[in-house]
Amino acid sequence: MLSRSSFTSLVVGVFAVYVAHTCWVMYGIVYTRPCPAAADGAAGGCVWPYLARRPKLQLSVYTTTRSSIGAESNIDLVLNVEDFDIESKFERTVNVSVPKKTRNNGTLYAFIFLHHAGILPWHDGKQVHIVSPLTTYMVPKPEEINLLTGESATQQIEAEKQTNALDEPVSHWRSRLTLNVMVEDFVFDGSSLPADVHRYMKMVQLGKTVHYLPILFIDQLSNRVKDLMVINRSTTELPLTVSYDKISLGKLRFWIHMQDAVYSLQQFGFSEKDADEVKGIFVDTNLYFLALTFFVAAFHLLFDFLAFKNDISFWKKKRSMIGMSTKAVLWRCFSTVVIFLFLLDEQTSLLVLIPAGVGAVIELWKVKKALKMTIRWQGLRPKFQFGAYNDSEKKTEEYDAQAMKYLSYLLYPLCIGGAGYSLLNVKYKSWYSWLINSFVNGVYAFGFLFMLPQLFVNYKMKSVAHLPWKAFTYKAFNTFIDDIFAFIITMPTSHRLACFRDDVVFLVYLYQRW
C-alpha cells in the first residue's frame, strides 16, 4: 500500500504530466503545419486560399423561421455590406422584424452569406454561408419584490409572466451576432487538413489547383446571457448588433475547440447560465491572460485536492479536541452550508457551486467528529449519541465558551440589524431568499469574527501544534488564487469580498505560528 507521501508525490506527478500534455495539445491547436510543396512553388497536394486572388466580396445577412432555404422566398434581408473589406472591422445595429411564429415561442434563424459583389447568393457558385439561431430558450429570471409592501422592481408584473410558470423556458432574443473571416493566406496540406477547420471549409477546383473559399465563422462565445432579451407576443421588432472582425488561423482553431467544449458542457447538463460563465472566461480576457488563468486554475485544482486530502486525513486520525475550538468547527459548518444554499439560490455557476457543495459535506463530517457523535438506527429513526470530554478537553471548552460569550454581544445585534435593514430596503424573490441572504450576509460580513474563538484558544494554550497545518497551507495558497478568480468568474459581490477577507484570517494564523 502506498504511503501518504508517495500518494501525494504520485498526484503531483500526474498533475505535471497533465499540464505538459495540455501545453502540447494547445501548441498543436495554435500551430498548423503548412503544405511543404508550397515552399517550392508546386501545387500538388496543396489547398490554396481563394482570398489570395483578392476577389470583390459582399456580405449579406438574411432572417427566416426555417433552418434551411433553397431560394429567396420567405426570407428578409436585414444587412447588406457591399464592397466588403475583410480587413476592416465594423459594428452595425439593425432592427429585425419578428414573425408571429417566433413571437409564439418559435425560432428565428440568421443566414450569413459571403459572396461575389453584384451577384445574389443563390446564383453564386462560390458563395459561402453559415446559419445561426437568433433565439434560444431559457427560464425567465424570477421577479423580485419588496416582501413587506409587495412592490416589484418594475412596479408591475407583465400579464404574460403571470400565466407562464417560472420553470417554463421561453424564447429569448440574441441581440448580438459576431462574425469572423480567416484572413491569412495560408496554404494547407491536402493530406493532413485539421479536422476542426475542415468542417468550415468549402473547396473548389480552379484549373489544376484546389482552392478553399473564405472561411466564415460565427463567434458563439460572444453570445452572453446578459445580452438576451425576452421575446413578448407584442414585440414586432428587435435590435440586432452585427459586428465583424478578422481572425487568424491559430485563434480560429482555438475558438472552434472552445466552442465545442462549451457545447459538450451543455450536453452534460450545464445550463445556458453555467455555460455563460465559461464563455466569460474566454471572451472577457485576452489570450495571454487566458493562458495564465489556465495554469492558475490547474494549480487551484491541485491545491483543492491536497487540502481536502490532508484535512480529511487530519480529522480521520483526530481522537481528542484538545486545543480545538468546537464552536469554530460548528460555525464553519453552518457558514459553509449557508453559503452553498445561497449560491444555489443565486443560480451561481457550477464552477463555484460544486466545490462549495463538496466543502459543505466535509464540514458536516468534521462536526460529527468534533462532537464525538455516533448515529444508531432504530428502524427508520436515527438516534444520536455524544461522547464524553476529558479534563483537558473541558478546559479547551471553557476557553471556547468564554470567547463566544463576549463575541455574541457584538455579533448578534449586527446580524439582526442587517437582516431588518435588508427586509425594509432590498427586494427578494421570496421569504426563503431573504432568509438565506440574511444568513449569508452575516457570514460574509462578520464570519471572520467566529475565527476569534480558535485564536483565543491558541492564545490561552500558547500553542498552535493542534491545528491541521498542512491543510491550512494548501488552503492559504488557494485563498490567494481565489483572489485572482474573484475578478474572472461571475459571483455575488459578497462572495467576492469574502475571498479577500480570508487572506486576513490566514495571515493571523501564520503570525500565531511564528
# chains A, B, ... in the order shown; residues from 1 in each chain; ligands from 1
call {"tool": "select_by_dssp", "arguments": {"residues": "segment 228-392 of chain A", "states": "helix (DSSP H, G or I)", "output": "VMD selection string"}}
result
chain A and resid 249 to 267 272 to 283 287 to 317 326 to 345 350 to 370 391 to 392
call {"tool": "atom_distance", "arguments": {"atom1": "atom CA of Trp122 of chain A", "atom2": "atom CA of Glu184 of chain A"}}
result
26.3 Å
call {"tool": "closest_residue", "arguments": {"among": "A:Gly359, A:Pro194, A:Pro382, A:Pro239", "to": "Gly28 of chain A", "atoms": "only C-alpha atoms"}}
result
A:Pro194
call {"tool": "residues_around", "arguments": {"residues": "segment 206-221 of chain A", "least_positions_apart": "3", "cutoff": "7 Å", "atoms": "only C-alpha atoms", "output": "list in words"}}
result
Ala43, Val47, Trp48, Pro49, Tyr50, Leu51, Thr178, Leu179, Asn180, Val181, Met182, Tyr200, Met201, Lys202, Met203, Gln259, Lys279 and Val283 of chain A
call {"tool": "closest_residue", "arguments": {"among": "A:Arg199, A:Arg33, A:Lys273, A:Arg233", "to": "Val139 of chain A", "atoms": "only C-alpha atoms"}}
result
A:Lys273
call {"tool": "closest_residue", "arguments": {"among": "A:Val242, A:Glu277, A:Val96, A:Val440", "to": "Ser335 of chain A", "atoms": "only C-alpha atoms"}}
result
A:Val440
call {"tool": "closest_residue", "arguments": {"among": "A:Met324, A:Val443, A:Leu424, A:Leu507", "to": "Ile339 of chain A", "atoms": "only C-alpha atoms"}}
result
A:Val443
call {"tool": "atom_distance", "arguments": {"atom1": "atom CA of Asn104 of chain A", "atom2": "atom CA of Ile69 of chain A"}}
result
21.4 Å
call {"tool": "closest_residue", "arguments": {"among": "A:Leu265, A:Cys46, A:Val457, A:Ala110", "to": "Gln402 of chain A", "atoms": "only C-alpha atoms"}}
result
A:Val457
call {"tool": "select_by_dssp", "arguments": {"residues": "segment 274-383 of chain A", "states": "strand (DSSP E)", "output": "list in words"}}
result
Met373, Thr374, Ile375, Arg376, Trp377, Gln378, Arg381, Pro382 and Lys383 of chain A
call {"tool": "write_last_selection", "arguments": {"atoms": "C-alpha atoms", "output": "mmCIF file, in the first residue's frame"}}
result
data_model
loop_
_atom_site.group_PDB
_atom_site.id
_atom_site.type_symbol
_atom_site.label_atom_id
_atom_site.label_comp_id
_atom_site.auth_asym_id
_atom_site.auth_seq_id
_atom_site.Cartn_x
_atom_site.Cartn_y
_atom_site.Cartn_z
ATOM 1 C CA MET A 373 -21.254 11.842 17.596
ATOM 2 C CA THR A 374 -22.426 8.350 16.715
ATOM 3 C CA ILE A 375 -25.643 7.574 14.881
ATOM 4 C CA ARG A 376 -27.599 4.405 15.638
ATOM 5 C CA TRP A 377 -30.684 3.481 13.680
ATOM 6 C CA GLN A 378 -33.772 2.189 15.422
ATOM 7 C CA ARG A 381 -35.494 6.601 13.220
ATOM 8 C CA PRO A 382 -31.901 7.737 13.880
ATOM 9 C CA LYS A 383 -30.624 8.004 17.466
#
call {"tool": "closest_residue", "arguments": {"among": "A:Leu380, A:Met138, A:Leu252, A:Val170", "to": "Asp274 of chain A", "atoms": "only C-alpha atoms"}}
result
A:Met138
call {"tool": "residues_around", "arguments": {"residues": "Ile86 of chain A", "least_positions_apart": "2", "cutoff": "12 Å", "atoms": "only C-alpha atoms", "output": "PyMOL selection string"}}
result
chain A and resi 51-52+54-59+81-84+88-90+114+179-184+214-216+244-248
call {"tool": "residues_around", "arguments": {"residues": "segment 130-135 of chain A", "least_positions_apart": "3", "cutoff": "8 Å", "atoms": "only C-alpha atoms", "output": "short mmCIF file (atom, residue, chain, number, x, y, z; two decimals) with N, CA, C and O atoms, in the first residue's frame"}}
result
data_model
loop_
_atom_site.label_atom_id
_atom_site.label_comp_id
_atom_site.auth_asym_id
_atom_site.auth_seq_id
_atom_site.Cartn_x
_atom_site.Cartn_y
_atom_site.Cartn_z
N SER A 67 -34.81 26.46 -40.90
CA SER A 67 -33.39 26.18 -40.69
C SER A 67 -32.64 25.95 -41.98
O SER A 67 -31.41 25.80 -41.98
N THR A 107 -38.67 29.91 -33.29
CA THR A 107 -37.24 30.16 -33.52
C THR A 107 -37.06 31.00 -34.77
O THR A 107 -37.84 30.90 -35.72
N LEU A 108 -36.04 31.84 -34.77
CA LEU A 108 -35.67 32.64 -35.94
C LEU A 108 -34.19 32.39 -36.22
O LEU A 108 -33.37 32.38 -35.30
N TYR A 109 -33.89 32.18 -37.50
CA TYR A 109 -32.51 31.88 -37.90
C TYR A 109 -31.93 33.03 -38.72
O TYR A 109 -32.65 33.73 -39.43
N ALA A 110 -30.61 33.19 -38.60
CA ALA A 110 -29.88 34.14 -39.44
C ALA A 110 -29.02 33.35 -40.42
O ALA A 110 -28.29 32.44 -40.03
N PHE A 111 -29.14 33.69 -41.71
CA PHE A 111 -28.29 33.11 -42.75
C PHE A 111 -27.31 34.18 -43.20
O PHE A 111 -27.72 35.23 -43.69
N ILE A 112 -26.03 33.92 -42.98
CA ILE A 112 -24.99 34.89 -43.33
C ILE A 112 -24.28 34.38 -44.58
O ILE A 112 -23.71 33.27 -44.58
N PHE A 113 -24.31 35.18 -45.66
CA PHE A 113 -23.68 34.82 -46.92
C PHE A 113 -22.49 35.73 -47.19
O PHE A 113 -22.56 36.95 -47.00
N SER A 171 -38.80 31.84 -25.21
CA SER A 171 -37.88 32.25 -26.25
C SER A 171 -37.22 33.58 -25.90
O SER A 171 -37.90 34.53 -25.49
N HIS A 172 -35.89 33.64 -26.03
CA HIS A 172 -35.12 34.86 -25.78
C HIS A 172 -34.39 35.26 -27.06
O HIS A 172 -33.98 34.41 -27.85
N TRP A 173 -34.21 36.55 -27.24
CA TRP A 173 -33.57 37.11 -28.43
C TRP A 173 -32.08 37.32 -28.19
O TRP A 173 -31.68 37.92 -27.20
N ARG A 174 -31.28 36.80 -29.11
CA ARG A 174 -29.84 37.04 -29.06
C ARG A 174 -29.55 38.34 -29.80
O ARG A 174 -29.63 38.40 -31.03
N SER A 175 -29.21 39.36 -29.05
CA SER A 175 -29.10 40.70 -29.62
C SER A 175 -27.76 40.98 -30.28
O SER A 175 -27.55 42.06 -30.82
N LEU A 216 -15.79 31.39 -43.20
CA LEU A 216 -16.69 32.25 -42.44
C LEU A 216 -17.03 31.57 -41.11
O LEU A 216 -17.34 30.38 -41.08
N PHE A 217 -16.97 32.34 -40.04
CA PHE A 217 -17.12 31.76 -38.70
C PHE A 217 -17.98 32.68 -37.84
O PHE A 217 -17.88 33.90 -37.92
N ILE A 218 -18.89 32.07 -37.06
CA ILE A 218 -19.71 32.82 -36.11
C ILE A 218 -19.17 32.58 -34.71
O ILE A 218 -19.08 31.43 -34.26
#
call {"tool": "decode", "arguments": {"residues": "segment 177-189 of chain A", "atoms": "all heavy atoms", "output": "PDB file, in the first residue's frame"}}
result
ATOM      1  N   LEU A 177     -24.594  39.409 -32.949  1.00  0.00           N
ATOM      2  CA  LEU A 177     -24.144  38.428 -33.936  1.00  0.00           C
ATOM      3  C   LEU A 177     -22.714  38.817 -34.317  1.00  0.00           C
ATOM      4  O   LEU A 177     -22.494  39.859 -34.942  1.00  0.00           O
ATOM      5  CB  LEU A 177     -25.064  38.436 -35.159  1.00  0.00           C
ATOM      6  CG  LEU A 177     -24.751  37.416 -36.260  1.00  0.00           C
ATOM      7  CD1 LEU A 177     -24.920  35.991 -35.736  1.00  0.00           C
ATOM      8  CD2 LEU A 177     -25.660  37.646 -37.469  1.00  0.00           C
ATOM      9  N   THR A 178     -21.746  37.991 -33.927  1.00  0.00           N
ATOM     10  CA  THR A 178     -20.331  38.309 -34.137  1.00  0.00           C
ATOM     11  C   THR A 178     -19.768  37.408 -35.225  1.00  0.00           C
ATOM     12  O   THR A 178     -19.804  36.175 -35.102  1.00  0.00           O
ATOM     13  CB  THR A 178     -19.533  38.122 -32.831  1.00  0.00           C
ATOM     14  OG1 THR A 178     -20.132  38.916 -31.805  1.00  0.00           O
ATOM     15  CG2 THR A 178     -18.094  38.546 -33.012  1.00  0.00           C
ATOM     16  N   LEU A 179     -19.255  38.016 -36.291  1.00  0.00           N
ATOM     17  CA  LEU A 179     -18.762  37.283 -37.457  1.00  0.00           C
ATOM     18  C   LEU A 179     -17.246  37.445 -37.576  1.00  0.00           C
ATOM     19  O   LEU A 179     -16.695  38.491 -37.218  1.00  0.00           O
ATOM     20  CB  LEU A 179     -19.426  37.809 -38.737  1.00  0.00           C
ATOM     21  CG  LEU A 179     -20.955  37.888 -38.732  1.00  0.00           C
ATOM     22  CD1 LEU A 179     -21.439  38.527 -40.028  1.00  0.00           C
ATOM     23  CD2 LEU A 179     -21.559  36.518 -38.554  1.00  0.00           C
ATOM     24  N   ASN A 180     -16.610  36.399 -38.099  1.00  0.00           N
ATOM     25  CA  ASN A 180     -15.164  36.440 -38.367  1.00  0.00           C
ATOM     26  C   ASN A 180     -14.883  35.787 -39.708  1.00  0.00           C
ATOM     27  O   ASN A 180     -15.601  34.867 -40.129  1.00  0.00           O
ATOM     28  CB  ASN A 180     -14.379  35.692 -37.285  1.00  0.00           C
ATOM     29  CG  ASN A 180     -14.597  36.253 -35.890  1.00  0.00           C
ATOM     30  OD1 ASN A 180     -15.170  35.597 -35.037  1.00  0.00           O
ATOM     31  ND2 ASN A 180     -14.145  37.473 -35.651  1.00  0.00           N
ATOM     32  N   VAL A 181     -13.839  36.256 -40.363  1.00  0.00           N
ATOM     33  CA  VAL A 181     -13.322  35.617 -41.570  1.00  0.00           C
ATOM     34  C   VAL A 181     -11.826  35.384 -41.368  1.00  0.00           C
ATOM     35  O   VAL A 181     -11.104  36.292 -40.932  1.00  0.00           O
ATOM     36  CB  VAL A 181     -13.555  36.476 -42.829  1.00  0.00           C
ATOM     37  CG1 VAL A 181     -12.848  35.860 -44.037  1.00  0.00           C
ATOM     38  CG2 VAL A 181     -15.046  36.603 -43.123  1.00  0.00           C
ATOM     39  N   MET A 182     -11.370  34.169 -41.658  1.00  0.00           N
ATOM     40  CA  MET A 182      -9.944  33.854 -41.537  1.00  0.00           C
ATOM     41  C   MET A 182      -9.212  34.496 -42.720  1.00  0.00           C
ATOM     42  O   MET A 182      -9.467  34.161 -43.882  1.00  0.00           O
ATOM     43  CB  MET A 182      -9.744  32.339 -41.524  1.00  0.00           C
ATOM     44  CG  MET A 182      -8.412  31.903 -40.909  1.00  0.00           C
ATOM     45  SD  MET A 182      -7.009  32.085 -42.025  1.00  0.00           S
ATOM     46  CE  MET A 182      -7.284  30.710 -43.141  1.00  0.00           C
ATOM     47  N   VAL A 183      -8.316  35.430 -42.410  1.00  0.00           N
ATOM     48  CA  VAL A 183      -7.731  36.277 -43.458  1.00  0.00           C
ATOM     49  C   VAL A 183      -6.316  35.862 -43.850  1.00  0.00           C
ATOM     50  O   VAL A 183      -5.747  36.452 -44.784  1.00  0.00           O
ATOM     51  CB  VAL A 183      -7.722  37.763 -42.993  1.00  0.00           C
ATOM     52  CG1 VAL A 183      -9.138  38.260 -42.805  1.00  0.00           C
ATOM     53  CG2 VAL A 183      -6.903  37.935 -41.707  1.00  0.00           C
ATOM     54  N   GLU A 184      -5.716  34.906 -43.177  1.00  0.00           N
ATOM     55  CA  GLU A 184      -4.346  34.509 -43.523  1.00  0.00           C
ATOM     56  C   GLU A 184      -4.333  33.797 -44.875  1.00  0.00           C
ATOM     57  O   GLU A 184      -5.194  32.969 -45.166  1.00  0.00           O
ATOM     58  CB  GLU A 184      -3.780  33.572 -42.452  1.00  0.00           C
ATOM     59  CG  GLU A 184      -3.452  34.246 -41.134  1.00  0.00           C
ATOM     60  CD  GLU A 184      -2.777  33.279 -40.161  1.00  0.00           C
ATOM     61  OE1 GLU A 184      -2.085  32.360 -40.642  1.00  0.00           O
ATOM     62  OE2 GLU A 184      -2.960  33.448 -38.947  1.00  0.00           O
ATOM     63  N   ASP A 185      -3.338  34.114 -45.698  1.00  0.00           N
ATOM     64  CA  ASP A 185      -3.141  33.394 -46.965  1.00  0.00           C
ATOM     65  C   ASP A 185      -2.371  32.113 -46.680  1.00  0.00           C
ATOM     66  O   ASP A 185      -1.203  31.947 -47.091  1.00  0.00           O
ATOM     67  CB  ASP A 185      -2.398  34.274 -47.972  1.00  0.00           C
ATOM     68  CG  ASP A 185      -3.237  35.443 -48.453  1.00  0.00           C
ATOM     69  OD1 ASP A 185      -4.482  35.334 -48.398  1.00  0.00           O
ATOM     70  OD2 ASP A 185      -2.658  36.463 -48.879  1.00  0.00           O
ATOM     71  N   PHE A 186      -3.018  31.224 -45.964  1.00  0.00           N
ATOM     72  CA  PHE A 186      -2.345  30.002 -45.507  1.00  0.00           C
ATOM     73  C   PHE A 186      -2.604  28.880 -46.513  1.00  0.00           C
ATOM     74  O   PHE A 186      -3.738  28.678 -46.974  1.00  0.00           O
ATOM     75  CB  PHE A 186      -2.876  29.599 -44.134  1.00  0.00           C
ATOM     76  CG  PHE A 186      -2.111  28.486 -43.477  1.00  0.00           C
ATOM     77  CD1 PHE A 186      -0.960  28.751 -42.745  1.00  0.00           C
ATOM     78  CD2 PHE A 186      -2.508  27.165 -43.620  1.00  0.00           C
ATOM     79  CE1 PHE A 186      -0.241  27.726 -42.146  1.00  0.00           C
ATOM     80  CE2 PHE A 186      -1.801  26.133 -43.029  1.00  0.00           C
ATOM     81  CZ  PHE A 186      -0.657  26.417 -42.291  1.00  0.00           C
ATOM     82  N   VAL A 187      -1.541  28.142 -46.846  1.00  0.00           N
ATOM     83  CA  VAL A 187      -1.641  27.017 -47.782  1.00  0.00           C
ATOM     84  C   VAL A 187      -1.662  25.721 -46.971  1.00  0.00           C
ATOM     85  O   VAL A 187      -0.682  25.383 -46.296  1.00  0.00           O
ATOM     86  CB  VAL A 187      -0.470  27.013 -48.776  1.00  0.00           C
ATOM     87  CG1 VAL A 187      -0.638  25.866 -49.773  1.00  0.00           C
ATOM     88  CG2 VAL A 187      -0.372  28.343 -49.501  1.00  0.00           C
ATOM     89  N   PHE A 188      -2.788  25.013 -47.026  1.00  0.00           N
ATOM     90  CA  PHE A 188      -2.951  23.779 -46.261  1.00  0.00           C
ATOM     91  C   PHE A 188      -2.373  22.600 -47.016  1.00  0.00           C
ATOM     92  O   PHE A 188      -2.330  22.580 -48.265  1.00  0.00           O
ATOM     93  CB  PHE A 188      -4.432  23.504 -45.983  1.00  0.00           C
ATOM     94  CG  PHE A 188      -5.049  24.412 -44.961  1.00  0.00           C
ATOM     95  CD1 PHE A 188      -5.746  25.552 -45.356  1.00  0.00           C
ATOM     96  CD2 PHE A 188      -4.954  24.127 -43.603  1.00  0.00           C
ATOM     97  CE1 PHE A 188      -6.321  26.389 -44.413  1.00  0.00           C
ATOM     98  CE2 PHE A 188      -5.524  24.961 -42.663  1.00  0.00           C
ATOM     99  CZ  PHE A 188      -6.213  26.096 -43.071  1.00  0.00           C
ATOM    100  N   ASP A 189      -1.949  21.604 -46.255  1.00  0.00           N
ATOM    101  CA  ASP A 189      -1.542  20.320 -46.814  1.00  0.00           C
ATOM    102  C   ASP A 189      -2.798  19.479 -46.996  1.00  0.00           C
ATOM    103  O   ASP A 189      -3.479  19.135 -46.019  1.00  0.00           O
ATOM    104  CB  ASP A 189      -0.556  19.626 -45.878  1.00  0.00           C
ATOM    105  CG  ASP A 189       0.025  18.349 -46.479  1.00  0.00           C
ATOM    106  OD1 ASP A 189      -0.485  17.901 -47.526  1.00  0.00           O
ATOM    107  OD2 ASP A 189       0.976  17.805 -45.891  1.00  0.00           O
TER     108      ASP A 189
END
